[in-house]
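**Q** The structure is given below, and queries will be raised subsequently.
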Protein chains: 2
Amino acid sequence: MVETRRQQQLDEVASALFRERGYAATSVREIARALDLQGASLYTHMASKEDLLWSIVWRVAERFRTTVEPLAEGPGTPEARLRAMIGAHVAIVAGEREHAAVFLHEWRFLGPERKAEMAARRDAYEARFREVIAAGMRDGTFRNGHAAITARALLSSLNGIPAWYRPDGPLGPGELADAYANLFLSGLLADR
Amino acid sequence: MVETRRQQQLDEVASALFRERGYAATSVREIARALDLQGASLYTHMASKEDLLWSIVWRVAERFRTTVEPLAEGPGTPEARLRAMIGAHVAIVAGEREHAAVFLHEWRFLGPERKAEMAARRDAYEARFREVIAAGMRDGTFRNGHAAITARALLSSLNGIPAWYRPDGPLGPGELADAYANLFLSGLLADR
DNA sequence: CCTATCCTAACGATCGTTCGTTCGGAGGAA
DNA sequence: TTCCTCCGAACGAACGATCGTTAGGATAGG
């Protein structure tokens, strides 16, 4: 299943529109007009509007799964692994803001089966973070606390990045990841 | 402008539907059916679908503005003020999950003027957090860092709460707020 | 009787999608 | 080279469904 040039353009344009107007509020004809096409012509390149959303969501989901999840079971201390996971996660949400934002907010408009699949994946992804955090609490590296809440707090935080990050701003993705890792690991309070 | 019983029911039912399906994907007739009414009958109680969204969004926005923002300029150290703001913010997002979720995610479907108004409000709200954080960095309480990013990280974190928090779970809003405050202030790492 | 509430019917617009067709270029046969 | 065929890409028109909303009439409680 090769991806033609037109299909790439379609994914790109659709991502931009889905992100800024939302999937449900974006019509097929709007997407077509952004490509200087008629609405009906899109169906040469896609099977349905939902399939178009799916192709975007799926690709980002795969990226998270293949680049972030393995780090949870890699070598190193829980602290090092968590830092690595934060770095990889930030690289995606900051590096592909558009697609990531669609993945994060529009997957709930998928049909029931696909939606359930993504929900399960999200739970599994969250569990990876929770496990590393729990491991750190167990071995004394991390302060004891609620690993589940901490994981959700961290991920919510990171997933907010596409909403405001600008690649031409003062911070690159690497520095951004460090800022988040330091914040969550060391906290805001200065040493006494 | 008194609010009749029916209008309260309407707000309630619409909030639930807007939250779970999204504003754009929820039809007037669906809202009506949840109230055992015909679609057209809703227009006895509301002026338009957007006005219905607006009434929900506006109420929550006012709640944030009147209960959280004043704490930024209250007495006490930056640390104490930030803790108070987190507590008040969590009280809303955990105590009124449904309305808060609509406020947080659906305001972008408002018309241009109202949308711009809410965007400005959100920026002002965020600025309150940023100011308190910056004050703490200035007086040495907080580690030096990016106050803007920290504020956004904190707020993204707190605003994720409606997505998973269950009022019948093990944690009350107060304990939840403490967990978040401790996490952001002290960090995950145990003292050495 | 009045007023609030809800109804049925219908409006024009727009939705996602299908249809039959046209156009232009690629590729093989002569 | 010339002809013929085929195919992907795009078109305009139209489908049935649904959208938000309006109009006008029925019903019922004070």
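How things are named: the first chain in the structure tokens is A, the next is B, and so on; residues count from 1 in each chain; ligands count from 1 in the order shown.
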Please report as a PDB file with C-alpha atoms (C1' of nucleotides), in the first residue's frame which residues of chain D come no farther than 12 Å from chain B, using only C-alpha atoms (C1' of nucleotides).
**A**
```pdb
ATOM      1  C1'  DT D  18     -29.967  15.487   8.462  1.00  0.00           C
ATOM      2  C1'  DC D  19     -28.919  20.065   9.968  1.00  0.00           C
ATOM      3  C1'  DG D  20     -30.602  24.522  12.693  1.00  0.00           C
ATOM      4  C1'  DT D  21     -34.489  27.090  12.676  1.00  0.00           C
ATOM      5  C1'  DT D  22     -39.304  29.175  11.898  1.00  0.00           C
ATOM      6  C1'  DA D  23     -44.378  29.292  11.627  1.00  0.00           C
TER       7       DA D  23
END
```
**Q** Counting only C-alpha atoms (C1' of nucleotides), what are the residues of chain B within 12 Å of chain C, and for each of them which pair of atoms is the nearest and at what distance in Å, to one decimal? Sort the table by chain and rising number, as CSV.
**A**
```
residue,atom,partner,partner_atom,distance
B:Thr4,CA,C:DA4,C1',11.7
B:Arg6,CA,C:DT5,C1',10.4
B:Ala25,CA,C:DC15,C1',11.9
B:Ala32,CA,C:DC6,C1',11.6
B:Asp36,CA,C:DC6,C1',10.7
B:Leu37,CA,C:DC6,C1',7.8
B:Gln38,CA,C:DC7,C1',7.8
B:Gly39,CA,C:DC6,C1',10.3
B:Ala40,CA,C:DC7,C1',8.7
B:Ser41,CA,C:DC6,C1',5.9
B:Leu42,CA,C:DC6,C1',9.2
B:Tyr43,CA,C:DC6,C1',10.3
B:Thr44,CA,C:DT5,C1',7.5
B:His45,CA,C:DT5,C1',9.6
```
**Q** Based on the selection just made, write C-alpha atoms of those residues as a PDB file, in the first residue's frame.
**A**
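The resulting file, again-v1.pdb, is shown below:
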```
ATOM      1  CA  THR B   4     -36.424  28.400  34.882  1.00  0.00           C
ATOM      2  CA  ARG B   6     -36.603  23.674  32.264  1.00  0.00           C
ATOM      3  CA  ALA B  25     -21.543  16.364  16.541  1.00  0.00           C
ATOM      4  CA  ALA B  32     -34.492  17.375  22.735  1.00  0.00           C
ATOM      5  CA  ASP B  36     -38.545  13.829  25.819  1.00  0.00           C
ATOM      6  CA  LEU B  37     -39.239  16.788  23.584  1.00  0.00           C
ATOM      7  CA  GLN B  38     -39.320  17.520  19.897  1.00  0.00           C
ATOM      8  CA  GLY B  39     -36.387  19.414  18.462  1.00  0.00           C
ATOM      9  CA  ALA B  40     -38.406  22.495  17.679  1.00  0.00           C
ATOM     10  CA  SER B  41     -39.692  22.694  21.243  1.00  0.00           C
ATOM     11  CA  LEU B  42     -36.257  23.567  22.566  1.00  0.00           C
ATOM     12  CA  TYR B  43     -36.582  26.991  21.007  1.00  0.00           C
ATOM     13  CA  THR B  44     -39.087  27.881  23.714  1.00  0.00           C
ATOM     14  CA  HIS B  45     -36.183  27.758  26.156  1.00  0.00           C
TER      15      HIS B  45
END
```
**Q** Take atom CA of A:Leu171 and atom CA of A:Glu98 and report the distance between them in Å, one decimal.
**A**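 Between atom CA of A:Leu171 and atom CA of A:Glu98 the gap is 18.0 Å.
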**Q** Which residues of chain A come within 9 Å of chain B, and what is each one's closest atom pair and distance in Å (one decimal), counting only C-alpha atoms, sorted by chain and residue number, as CSV?
**A**
```
residue,atom,partner,partner_atom,distance
A:Arg21,CA,B:Phe109,CA,8.0
A:Gly22,CA,B:Ala24,CA,8.4
A:Tyr23,CA,B:Ala24,CA,8.9
A:Ala24,CA,B:Ala25,CA,5.7
A:Ala25,CA,B:Ala24,CA,5.8
A:Glu79,CA,B:Leu189,CA,8.5
A:Arg108,CA,B:Arg21,CA,8.2
A:Phe109,CA,B:Arg21,CA,8.0
A:Ile133,CA,B:Leu188,CA,8.7
A:Gly136,CA,B:Leu189,CA,8.7
A:Met137,CA,B:Ala190,CA,8.7
A:Gly140,CA,B:Ala190,CA,7.0
A:Thr141,CA,B:Ala190,CA,5.8
A:Phe142,CA,B:Leu189,CA,4.4
A:Arg143,CA,B:Ala190,CA,4.4
A:Asn144,CA,B:Ala190,CA,8.1
A:Gly145,CA,B:Ala179,CA,7.8
A:His146,CA,B:Ala179,CA,7.8
A:Ile149,CA,B:Ala179,CA,8.2
A:Thr150,CA,B:Leu183,CA,7.6
A:Arg152,CA,B:Ser157,CA,7.8
A:Ala153,CA,B:Ser157,CA,4.9
A:Leu154,CA,B:Ser157,CA,6.8
A:Leu155,CA,B:Ser157,CA,7.7
A:Ser156,CA,B:Ser157,CA,4.9
A:Ser157,CA,B:Ser157,CA,4.6
A:Leu158,CA,B:Ala153,CA,7.3
A:Asn159,CA,B:Ser156,CA,7.8
A:Gly160,CA,B:Ser156,CA,5.5
A:Ile161,CA,B:Ala153,CA,8.1
A:Trp164,CA,B:Arg152,CA,8.6
A:Leu176,CA,B:Ile149,CA,8.6
A:Ala179,CA,B:His146,CA,7.8
A:Tyr180,CA,B:Ala153,CA,7.8
A:Asn182,CA,B:Gly187,CA,8.3
A:Leu183,CA,B:Gly187,CA,6.7
A:Phe184,CA,B:Gly187,CA,5.1
A:Leu185,CA,B:Leu188,CA,4.5
A:Ser186,CA,B:Gly187,CA,4.3
A:Gly187,CA,B:Gly187,CA,3.6
A:Leu188,CA,B:Leu185,CA,4.5
A:Leu189,CA,B:Phe142,CA,4.4
A:Ala190,CA,B:Arg143,CA,4.4
A:Asp191,CA,B:Arg143,CA,7.8
```
**Q** Dump C-alpha atoms for the selected residues as a PDB file, in the first residue's frame?
**A**
```
ATOM      1  CA  ARG A  21     -12.015  23.366  13.163  1.00  0.00           C
ATOM      2  CA  GLY A  22     -12.438  19.873  14.559  1.00  0.00           C
ATOM      3  CA  TYR A  23     -13.329  16.736  12.627  1.00  0.00           C
ATOM      4  CA  ALA A  24     -17.100  16.991  12.974  1.00  0.00           C
ATOM      5  CA  ALA A  25     -17.150  20.639  11.955  1.00  0.00           C
ATOM      6  CA  GLU A  79      14.593   8.218  36.471  1.00  0.00           C
ATOM      7  CA  ARG A 108     -13.119  10.036  19.613  1.00  0.00           C
ATOM      8  CA  PHE A 109     -14.919  10.720  16.351  1.00  0.00           C
ATOM      9  CA  ILE A 133       6.911   5.796  38.001  1.00  0.00           C
ATOM     10  CA  GLY A 136      10.895   4.504  40.958  1.00  0.00           C
ATOM     11  CA  MET A 137       8.668   4.736  44.013  1.00  0.00           C
ATOM     12  CA  GLY A 140      13.165   4.762  46.679  1.00  0.00           C
ATOM     13  CA  THR A 141      14.212   7.030  43.836  1.00  0.00           C
ATOM     14  CA  PHE A 142      10.827   8.692  43.760  1.00  0.00           C
ATOM     15  CA  ARG A 143       8.827  10.000  46.660  1.00  0.00           C
ATOM     16  CA  ASN A 144       5.929   7.710  47.487  1.00  0.00           C
ATOM     17  CA  GLY A 145       2.624   8.861  46.060  1.00  0.00           C
ATOM     18  CA  HIS A 146      -0.072   8.043  43.570  1.00  0.00           C
ATOM     19  CA  ILE A 149      -2.316  10.260  39.130  1.00  0.00           C
ATOM     20  CA  THR A 150       1.277  11.256  38.540  1.00  0.00           C
ATOM     21  CA  ARG A 152      -1.899  11.207  34.124  1.00  0.00           C
ATOM     22  CA  ALA A 153      -0.684  14.584  35.333  1.00  0.00           C
ATOM     23  CA  LEU A 154       2.524  14.181  33.379  1.00  0.00           C
ATOM     24  CA  LEU A 155       0.837  13.045  30.195  1.00  0.00           C
ATOM     25  CA  SER A 156      -1.841  15.730  30.330  1.00  0.00           C
ATOM     26  CA  SER A 157       0.927  18.237  30.706  1.00  0.00           C
ATOM     27  CA  LEU A 158       2.900  16.960  27.742  1.00  0.00           C
ATOM     28  CA  ASN A 159      -0.195  16.629  25.594  1.00  0.00           C
ATOM     29  CA  GLY A 160      -0.960  20.290  26.124  1.00  0.00           C
ATOM     30  CA  ILE A 161       2.185  21.205  24.209  1.00  0.00           C
ATOM     31  CA  TRP A 164       0.785  26.484  22.388  1.00  0.00           C
ATOM     32  CA  LEU A 176      11.441  21.793  26.181  1.00  0.00           C
ATOM     33  CA  ALA A 179      12.211  21.735  31.215  1.00  0.00           C
ATOM     34  CA  TYR A 180       9.318  19.307  31.656  1.00  0.00           C
ATOM     35  CA  ASN A 182      13.143  18.835  35.544  1.00  0.00           C
ATOM     36  CA  LEU A 183       9.829  20.265  36.595  1.00  0.00           C
ATOM     37  CA  PHE A 184       8.264  16.902  37.256  1.00  0.00           C
ATOM     38  CA  LEU A 185      11.336  15.336  38.784  1.00  0.00           C
ATOM     39  CA  SER A 186      12.666  18.162  40.943  1.00  0.00           C
ATOM     40  CA  GLY A 187       9.603  20.329  41.398  1.00  0.00           C
ATOM     41  CA  LEU A 188       9.281  24.029  41.589  1.00  0.00           C
ATOM     42  CA  LEU A 189      10.663  24.614  45.064  1.00  0.00           C
ATOM     43  CA  ALA A 190      14.311  25.630  45.354  1.00  0.00           C
ATOM     44  CA  ASP A 191      16.606  23.490  47.480  1.00  0.00           C
TER      45      ASP A 191
END
```
**Q** Calculate how many Å separate atom CA of A:Pro170 from atom CA of A:Ile92, rounding to one decimal.
**A**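 So the two atoms, atom CA of A:Pro170 and atom CA of A:Ile92, lie 17.9 Å apart.
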**Q** As a PyMOL selection string, please: the residues near stretch 11-16 of chain A (cut-off 8 Å, only C-alpha atoms (C1' of nucleotides), same-chain neighbours under 5 positions excluded).
**A** chain A and resi 31+34-35+52-53+55-56+98-99+102
**Q** Write out as a list of chain:residue names the residues lying within 7 Å of A:Pro173, counting only C-alpha atoms (C1' of nucleotides) and excluding same-chain residues fewer than 2 positions away.
**A**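 Residues near the query, excluding close chain neighbours: A:Val90, A:Ala91, A:Ala94, A:Leu171, A:Glu175, A:Leu176, A:Ala177.
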**Q** I need the chosen residues saved as a PDB file, in the first residue's frame, with N, CA and C atoms.
**A**
```pdb
ATOM      1  N   VAL A  90       7.870  14.269  23.869  1.00  0.00           N
ATOM      2  CA  VAL A  90       7.926  15.688  23.486  1.00  0.00           C
ATOM      3  C   VAL A  90       8.373  15.830  22.039  1.00  0.00           C
ATOM      4  N   ALA A  91       9.283  14.987  21.621  1.00  0.00           N
ATOM      5  CA  ALA A  91       9.761  15.070  20.240  1.00  0.00           C
ATOM      6  C   ALA A  91       8.585  14.928  19.266  1.00  0.00           C
ATOM      7  N   ALA A  94       5.900  18.033  19.887  1.00  0.00           N
ATOM      8  CA  ALA A  94       6.448  19.319  19.462  1.00  0.00           C
ATOM      9  C   ALA A  94       6.877  19.286  17.999  1.00  0.00           C
ATOM     10  N   LEU A 171      12.589  27.999  22.375  1.00  0.00           N
ATOM     11  CA  LEU A 171      12.974  26.672  22.868  1.00  0.00           C
ATOM     12  C   LEU A 171      12.833  25.594  21.813  1.00  0.00           C
ATOM     13  N   GLU A 175      15.211  21.183  24.630  1.00  0.00           N
ATOM     14  CA  GLU A 175      15.181  22.028  25.833  1.00  0.00           C
ATOM     15  C   GLU A 175      13.806  21.968  26.495  1.00  0.00           C
ATOM     16  N   LEU A 176      12.798  21.889  25.650  1.00  0.00           N
ATOM     17  CA  LEU A 176      11.441  21.793  26.181  1.00  0.00           C
ATOM     18  C   LEU A 176      11.284  20.518  27.004  1.00  0.00           C
ATOM     19  N   ALA A 177      11.771  19.427  26.463  1.00  0.00           N
ATOM     20  CA  ALA A 177      11.685  18.150  27.172  1.00  0.00           C
ATOM     21  C   ALA A 177      12.435  18.230  28.502  1.00  0.00           C
TER      22      ALA A 177
END
```
**Q** As a PyMOL selection string, please: every residue in stretch 12-187 of chain B that a backbone DSSP assignment puts in helix (DSSP H, G or I).
**A** chain B and resi 12-21+28-34+39-44+49-67+69-72+78-95+97-109+112-138+147-159+161-163+173-186
